[in-house]
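Visitor: Would you mind keeping the following structure in view while I ask a few things?
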2 protein chains.
Amino acid sequence: MRLIQLDEIVPVLEKKPKVIEAVKQGFISHAKGEIENPEPVQMLFGAEENTIEGDCHIKTASSKSLPYFCVKLATGFYNNPAKGLPVNNGLVLLMSSQTGAPLALFQDDGYLTSVRTAAAGALAASLVLSDKPITLGIIGTGHQAELQARWIASYCDLAGILIWGRSVDKANTLKIRLADLGLEVKTATSVGELCQSAKLIVTTTPSTSPLIIASDIRPGHHIIAMGSDSPGKVELDPAILGQADVILTDEHFQCLHHGEFGHAVRAGRISETKDQSFGLALNTAEPLGLSDETISVVDLTGLGAQDLAIASFVYQALINT
Amino acid sequence: MRLIQLDEIVPVLEKKPKVIEAVKQGFISHAKGEIENPEPVQMLFGAEENTIEGDCHIKTASSKSLPYFCVKLATGFYNNPAKGLPVNNGLVLLMSSQTGAPLALFQDDGYLTSVRTAAAGALAASLVLSDKPITLGIIGTGHQAELQARWIASYCDLAGILIWGRSVDKANTLKIRLADLGLEVKTATSVGELCQSAKLIVTTTPSTSPLIIASDIRPGHHIIAMGSDSPGKVELDPAILGQADVILTDEHFQCLHHGEFGHAVRAGRISETKDQSFGLALNTAEPLGLSDETISVVDLTGLGAQDLAIASFVYQALINT
């Protein structure tokens, strides 16, 4: 078994188009029903009854089209910062689905998850982009906000980037960090102002109440919602999904459970048959019918298929060099 | 994170009394409800629909009395021998339940599981042993049969060992391998003959039909059933549990699901309230009332608490040296 550290992983993931293609194939395999995703394991930790100081989630995925399966452990321990440690930790195991042998252990500090999420954003952006460069609006200023900007910029033709975050300082810091992209990068003073200029909007926050309201959105807006990855999180006014001409979900039932899609269904804004498969949309040459006259929402909650795709990609790249 | 190979693990597990004590505390913690055992993950692999060529089981356990939790992957790929590979593979991860950090990865080839199972046999034997040395009967001739003999011999006062297996050659080979114990080791030509001489009997086979029948068993027989670790496996005639004065189970619901206990309940031989907790029996000074006049069955199906106990023991031993 190969033990793979972050310093080996980072250079491999610089090959952005290849990474995006691998993640795309993961989405397509998932949509075709070729991925097995057993129910995740959740463990909770706390010294006292009813206090949660930490958790561990274990997700697994196997694919009929890859000779591997993966097991991903992700931990969050909320008192770690007081000990000088990051909240999140974890690792990814890649196993042979032909012999059951452990092949690789990635001590990646969550980086594979971050990048497979950014690659999904780039794929979603490529679906909704028109033929002329448009402005990307990023809501959120964290690590994933930066990755979304970089990965979408690497894959799509952008006119510029506009950033909004609750912290003006963090928005300015992200603007400076993105200077190397060679694009015009600005900050917006409000979500409404961001929506005035940006047609493609990516939301990357852990918000538990809607940040974009329905009146911010007009025909020609295309939203990629990355933040709502667990129950309670929500970034979009459910009415926006009611206005949308096209809604794509990475996994129908998962998005129904804890995505923006589910919020809108429960709010009575749409029926639960309103979504289309993101993976199938990636696999067809048929246009989605998006234009300056339509509104779309891509609801991405994160798939084991993405973890498996990116871990397999890195492993194959490393054993072939 | 420390990567721990088998050659580091084996010497630590030579400290048998300490290993047995650690596993004992695991059973006691489990019985007291201090262990969290989420539902295991099961993945199945096969090239064709409805063919199973391999499987992977993921078991997890955390304990309120240890600063660790463990995640155990065990794979079985049934075409491996044709490729010159062992059927079983896997690994054990030990994680901090205080920070979520990965602490150790044991590439143990299943050895931690084998030894924690042998330690459980020794603990069970110590519960049912009388004050004078008695003969141990081992049914089965595999790796676990040898470990049971060694671990019980290290912990209990034996008069001798009698072995029965379906293969006479394998029984003879095991007899020779156990010569270093300094005990009289013999083979029996039948289970009935073994039961004539051995009062303490350990079953360690993957049998799917009963090997010991009710007429083999008389008062004074104490049976430790190790083999039935998944549905379909059974080593004891259900009528034996009907005759037993004491039945101990490592986990009531697990033994009901796929232990000897469950077979006997479904066969209508006993009620499902007939068992007592093995872990609580280990934790009390009160005698179980076993004697030459009683029959007992200890049904051991294997617990995550044992995995956690032995992985924690090895880890602590290695970081303290």
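In the structure tokens, chains take the letters A, B, ... in the order shown, each chain's residues start at 1, and ligands count up from 1 in the order shown.
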Output as a list in words the set of chain B residues within 7 Å of chain A, with distances taken over only C-alpha atoms.

Guide: Pro38, Val41, Phe45, Thr75, Gly76, Phe77, Asn80, Asn89, Gly90, Ser97, Thr99, Gly100, Ala101 and Pro102 of chain B

Visitor: If we count only C-alpha atoms, what is near Gln144 of chain A at a cut-off of 9 Å, once residues fewer than 2 positions away on the same chain are taken out, given as a PyMOL selection string?

Guide: chain A and resi 114-115+117-118+140-142+146-149+204-205

Visitor: Name the closest residue to Gly279 of chain B among the candidates B:Val314, B:Ala305, B:Leu136, B:Ala239; distances are taken between atoms, counting only C-alpha atoms.

Guide: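 Closest to Gly279 of chain B of all the choices is B:Ala305.
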
Visitor: Tell me, which residues of segment 43-99 of chain B carry DSSP helix (DSSP H, G or I), written as JSON, numbers by chain?

Guide: {"B": [80, 81, 82, 83]}

Visitor: I'd like the interatomic distance between atom CA of Leu174 of chain B and atom CA of Pro133 of chain B, to a tenth of an Å.

Guide: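 Atom CA of Leu174 of chain B sits 21.5 Å away from atom CA of Pro133 of chain B.
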
Visitor: Fewer than 5 positions away in the same chain doesn't count, so skip those; otherwise give me all residues within 12 Å of Ile319 of chain B, counting only C-alpha atoms, as a list in words.

Guide: Met1, Arg2, Ile4, Glu8, Val12, Leu103, Ala104, Ser312, Phe313 and Val314 of chain B

Visitor: Quote the spacing between atom CA of Arg150 of chain A and atom CA of Val10 of chain A in Å to one decimal place.

Guide: 14.3 Å
